[in-house]
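Engineer: First the structure, which I've put down as structure tokens, then a few questions once you've had a look.
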Amino acid sequence: MSKSGILGLSLVLVVAATATARAADITVYAAGAVQSAVLDTKTAFETASGHRLTFVFGTVGALRDRILAGEAADATLLSVAGIEALEQKGAARKGMSVIVGSTGPGIAYRAGAPKPDVSSPEALKAALLAAKSVSYGDPTKGATAGIHFSKVLGELGIAEAIKPKTHLVPFGVEGIERVAKGESELAVSQATEILANPGTRLAGSLPAPYQIGTVYAATGVQSTKVPDAVAAYLRFLLSAETVAKFRANGFAEP
């Protein structure tokens, strides 16, 4: 090989080694509501940055508590309330969070089944009483939609009536999966999770005055060893292309 060829090869190897050294593995603890959107944008970020993303999904409450317990996350996407709880405990970096959008609880039914009417409190109450089974995230496990829906059942005055046919799940997505499999007739979880499952359809959001919007945000975990890579991911989440993907996955502007 010529001297120029050797020098050229050496330069390529140096560049490759530098890129490899800068590449980082980023572990992201993410709420179920954002699962479809972050997976939909994962490849684009990894291709553009060289970093690698690993997602751990769960309820806001469970992931918040795992981070507070010292688990090795680098970044997290939770509700704003969850992020603020981490910031107050010094587990997340203040002033670093970025908003990704908002969504709210909806009613899932199986694709191909008759669409239930949930357009008013009276219609929602009738639909829930008529359903053979209802699934939603266990409020004691920190499920955002489950916590809210349990309060709605109390306000509708039917909490005791539907308790015998209720199947609580640790994670709202699992309730939606039960509907897709025909194991539950209805499920309640974030609308983004319902839209992401091809086996279910969104009957509608919870009607006024029971509808709420939960704003989700991303931030870096204080203990991360790869802060530069985390910062790159947060910038990526603010890009026009990524925002469009989140909108396509059911997230609205907060």
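Identifiers in the structure tokens: chain A, B, ... in order shown; residue index from 1 per chain; ligand index from 1 in order shown.
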Tell me, as a list of chain:residue names, which residues lie within 12 Å of Ser120 (chain A), counting only C-alpha atoms; anything in the same chain fewer than 4 positions away does not count.

Structural biologist: A:Pro116, A:Leu124, A:Lys125, A:Ala126, A:Ala127, A:Leu156, A:Gly204, A:Ser205, A:Leu206, A:Pro207, A:Ala208, A:Pro209, A:Tyr210, A:Gln211

Engineer: Write out as an mmCIF file with N, CA and C atoms, in the first residue's frame each polymer residue whose atoms come within 6 Å of Val221 (chain A), counting only C-alpha atoms; drop sequence neighbours fewer than 5 positions from it.

Structural biologist:
```
data_model
loop_
_atom_site.group_PDB
_atom_site.id
_atom_site.type_symbol
_atom_site.label_atom_id
_atom_site.label_comp_id
_atom_site.auth_asym_id
_atom_site.auth_seq_id
_atom_site.Cartn_x
_atom_site.Cartn_y
_atom_site.Cartn_z
ATOM 1 N N ASP A 74 -31.035 7.272 32.428
ATOM 2 C CA ASP A 74 -30.326 8.465 31.953
ATOM 3 C C ASP A 74 -31.288 9.614 31.670
ATOM 4 N N ALA A 75 -32.467 9.257 31.168
ATOM 5 C CA ALA A 75 -33.488 10.249 30.853
ATOM 6 C C ALA A 75 -34.845 9.648 31.163
ATOM 7 N N ALA A 91 -33.549 14.415 41.821
ATOM 8 C CA ALA A 91 -33.261 13.264 40.962
ATOM 9 C C ALA A 91 -33.297 13.612 39.485
ATOM 10 N N ALA A 92 -33.824 14.781 39.137
ATOM 11 C CA ALA A 92 -33.856 15.251 37.746
ATOM 12 C C ALA A 92 -33.274 16.649 37.687
#
```

Engineer: So which residues of region 56-236 of chain A fall under strand (DSSP E) by DSSP, listed as a ChimeraX atom specification?

Structural biologist: /A:56-58,75-79,98-103,105-110,134-137,166-169,186-190,200-205,214-220

Engineer: Leaving out region 43-58 of chain A and any residue of its chain fewer than 5 positions from it, which residues lie within 10 Å of it when counting only C-alpha atoms, given as a PyMOL selection string?

Structural biologist: chain A and resi 19-20+22-35+38+63-64+73-78+141-143+170-173+229-230+232-233+236-237+241-242

Engineer: Please report the interatomic distance between CA of Ala81 (chain A) and CA of Pro254 (chain A) in Å with one decimal.

Structural biologist: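 Those two atoms sit 13.8 Å apart.
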
Engineer: Which one is closest to Asn249 (chain A): A:Leu39, A:Ile176, A:Leu195, A:Leu234? Count only C-alpha atoms.

Structural biologist: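 The shortest atom-to-atom distance to Asn249 (chain A) comes from A:Leu195.
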